[in-house]
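A.B. asks: Sharing a structure below in structure tokens format, with a few things to ask.
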Amino acid sequence: LWMIQQVRHELNDSYSFAQLCDLAEEAKDFASRVDVNDQCFMSPDNMTEEIKDYCRRTGQQVPESVGEIAAVIYQSLSESYARTVEQIEALTGKHYDAINIVGGGSKADYLNRLTAAKSGRTVYAGPGEATAIGNLAVQMIRAGELKDLLDARRCIFDSFGVETIKA
């Protein structure tokens, strides 16, 4: 989500992440995609221009509106997530029925729906404050308030409104 954060900052934070998701969904038919793992996106001077340049270099339509830029990012991220799960499965020989998305990304409803659709897996989105909750869970296990990691996961799932998005 580094890419969308950078674009948002380049727009002087004048859009919320929810608004960017909405604009991306409105432009969902915009077909251009980027390789979100390409080095050019790691620390560009201007993420918006880098996305446009990538599309130009690869012979794709160049996004112009905020919604088109957000659509390129979210569509590209969801495709990358789906490929990554497939690669993990190929390496481990295991099948994973679900993808867990925690932290700020769990609030990106459009991205989570795209990820479920493109991966063919259920997405569990949340909790948003994963780092703090994880820290608390470890302390509760240590104090004997929770039995083990499985017990902590159940408690978190039941306590923090994890959203289930079916493929």
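Chain labels follow the order of the structure tokens: the first chain is A, the next B, and so on; residue numbering restarts at 1 in every chain, and ligands are counted from 1 in their shown order.
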Let's see if you can do this: from backbone DSSP, list all helix (DSSP H, G or I) residues in chain A, as JSON, numbers by chain.
C.D. replies: {"A": [2, 3, 4, 5, 6, 7, 8, 9, 10, 17, 18, 19, 20, 21, 22, 23, 24, 25, 26, 39, 40, 41, 47, 48, 49, 50, 51, 52, 53, 54, 55, 56, 57, 66, 67, 68, 69, 70, 71, 72, 73, 74, 75, 76, 77, 78, 79, 80, 81, 82, 83, 84, 85, 86, 87, 88, 89, 90, 91, 92, 103, 104, 105, 106, 107, 109, 110, 111, 112, 113, 114, 115, 116, 117, 118, 119, 130, 131, 132, 133, 134, 135, 136, 137, 138, 139, 140, 141, 142, 149, 150, 151, 152, 153, 154, 155, 156, 157, 158, 159]}
A.B. asks: Applying 6 Å and only C-alpha atoms, which residues near stretch 127-131 of chain A remain after dropping the ones on its own chain fewer than 3 positions away? List them as a list in words.
C.D. replies: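 Neighbouring residues, sequence-local ones excluded: Val102, Gly103, Gly104, Ser106, Gly134, Phe160 and Val162 of chain A.
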A.B. asks: Just the residues within 12 Å of A:Ser65, please, counting only C-alpha atoms, with nothing from its chain fewer than 4 positions along; format it as a PyMOL selection string.
C.D. replies: chain A and resi 7+11+20+23-24+26-27+30+48+52+69-72
A.B. asks: Got a sec: who's within 7 Å of A:Ala108, counting only C-alpha atoms, leaving out chain neighbours fewer than 3 positions off, as a ChimeraX atom specification?
C.D. replies: /A:18,21,105,111-112
A.B. asks: Keeping only all heavy atoms, write the selected residues as a PDB file, in the first residue's frame.
C.D. replies:
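Written file, part.pdb:
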ATOM      1  N   ALA A  18     -10.477   5.863   2.001  1.00  0.00           N
ATOM      2  CA  ALA A  18     -11.804   5.386   1.582  1.00  0.00           C
ATOM      3  C   ALA A  18     -12.235   6.076   0.288  1.00  0.00           C
ATOM      4  O   ALA A  18     -12.794   5.429  -0.608  1.00  0.00           O
ATOM      5  CB  ALA A  18     -12.828   5.623   2.685  1.00  0.00           C
ATOM      6  N   CYS A  21     -10.377   4.544  -2.577  1.00  0.00           N
ATOM      7  CA  CYS A  21     -10.989   3.251  -2.934  1.00  0.00           C
ATOM      8  C   CYS A  21     -12.239   3.474  -3.781  1.00  0.00           C
ATOM      9  O   CYS A  21     -12.442   2.792  -4.788  1.00  0.00           O
ATOM     10  CB  CYS A  21     -11.354   2.458  -1.675  1.00  0.00           C
ATOM     11  SG  CYS A  21     -10.010   1.493  -0.997  1.00  0.00           S
ATOM     12  N   GLY A 105      -4.396  -1.835   5.638  1.00  0.00           N
ATOM     13  CA  GLY A 105      -4.920  -2.427   4.411  1.00  0.00           C
ATOM     14  C   GLY A 105      -6.252  -3.126   4.610  1.00  0.00           C
ATOM     15  O   GLY A 105      -7.018  -3.291   3.659  1.00  0.00           O
ATOM     16  N   LEU A 111     -10.021  -2.972  -2.375  1.00  0.00           N
ATOM     17  CA  LEU A 111      -8.847  -3.823  -2.567  1.00  0.00           C
ATOM     18  C   LEU A 111      -9.104  -5.226  -2.022  1.00  0.00           C
ATOM     19  O   LEU A 111      -8.742  -6.217  -2.659  1.00  0.00           O
ATOM     20  CB  LEU A 111      -7.624  -3.207  -1.889  1.00  0.00           C
ATOM     21  CG  LEU A 111      -6.352  -4.047  -1.890  1.00  0.00           C
ATOM     22  CD1 LEU A 111      -5.901  -4.375  -3.311  1.00  0.00           C
ATOM     23  CD2 LEU A 111      -5.252  -3.320  -1.116  1.00  0.00           C
ATOM     24  N   ASN A 112      -9.735  -5.325  -0.890  1.00  0.00           N
ATOM     25  CA  ASN A 112      -9.997  -6.636  -0.302  1.00  0.00           C
ATOM     26  C   ASN A 112     -10.987  -7.444  -1.138  1.00  0.00           C
ATOM     27  O   ASN A 112     -10.822  -8.651  -1.305  1.00  0.00           O
ATOM     28  CB  ASN A 112     -10.473  -6.480   1.135  1.00  0.00           C
ATOM     29  CG  ASN A 112      -9.396  -5.858   2.010  1.00  0.00           C
ATOM     30  OD1 ASN A 112      -8.216  -6.015   1.746  1.00  0.00           O
ATOM     31  ND2 ASN A 112      -9.811  -5.141   3.032  1.00  0.00           N
TER      32      ASN A 112
END
A.B. asks: Of the residues A:Thr164, A:Asn12, A:Gln6, A:Ser119, which is the one nearest to A:Gln87, using only C-alpha atoms?
C.D. replies: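 That would be A:Ser119, the residue with the smallest distance to A:Gln87.
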A.B. asks: Which residue gives the smallest distance to A:Pro44 among A:Ile133, A:Lys118, A:Met3, A:Gln19, with only C-alpha atoms counted?
C.D. replies: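 The answer is A:Met3, which sits nearest to A:Pro44.
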A.B. asks: Please provide as a PyMOL selection string all residues within 7 Å of A:Arg113, with the sequence filter that same-chain residues fewer than 4 positions apart are discarded (counting only C-alpha atoms).
C.D. replies: chain A and resi 109+117+165
A.B. asks: Let me make sure I understand: among A:Cys155, A:Val123, A:Leu136, A:Leu150, which one has the smallest atom-to-atom distance to A:Ala167 if we use only C-alpha atoms?
C.D. replies: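 The shortest atom-to-atom distance to A:Ala167 comes from A:Val123.
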A.B. asks: Among stretch 5-160 of chain A, which residues carry a DSSP assignment of strand (DSSP E or B), reported as a PyMOL selection string?
C.D. replies: chain A and resi 98-101+122-125
A.B. asks: Please compute the atom CA of A:Arg121-atom CA of A:Lys147 distance, one decimal, in Å.
C.D. replies: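 Interatomic distance here is 29.0 Å.
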A.B. asks: Of the candidates A:Thr122, A:Ser32, A:Asn100, A:Gln139, which shows the shortest atom-to-atom distance to A:Thr58, using only C-alpha atoms?
C.D. replies: A:Ser32
A.B. asks: Please report the interatomic distance between atom CA of A:Tyr124 and atom CA of A:Val85 in Å with one decimal.
C.D. replies: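 Between atom CA of A:Tyr124 and atom CA of A:Val85 the gap is 14.4 Å.
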A.B. asks: Counting only C-alpha atoms, figure out which residue out of A:Lys107, A:His9, A:Lys94, A:Lys28 gets nearest to A:Tyr74.
C.D. replies: A:Lys28
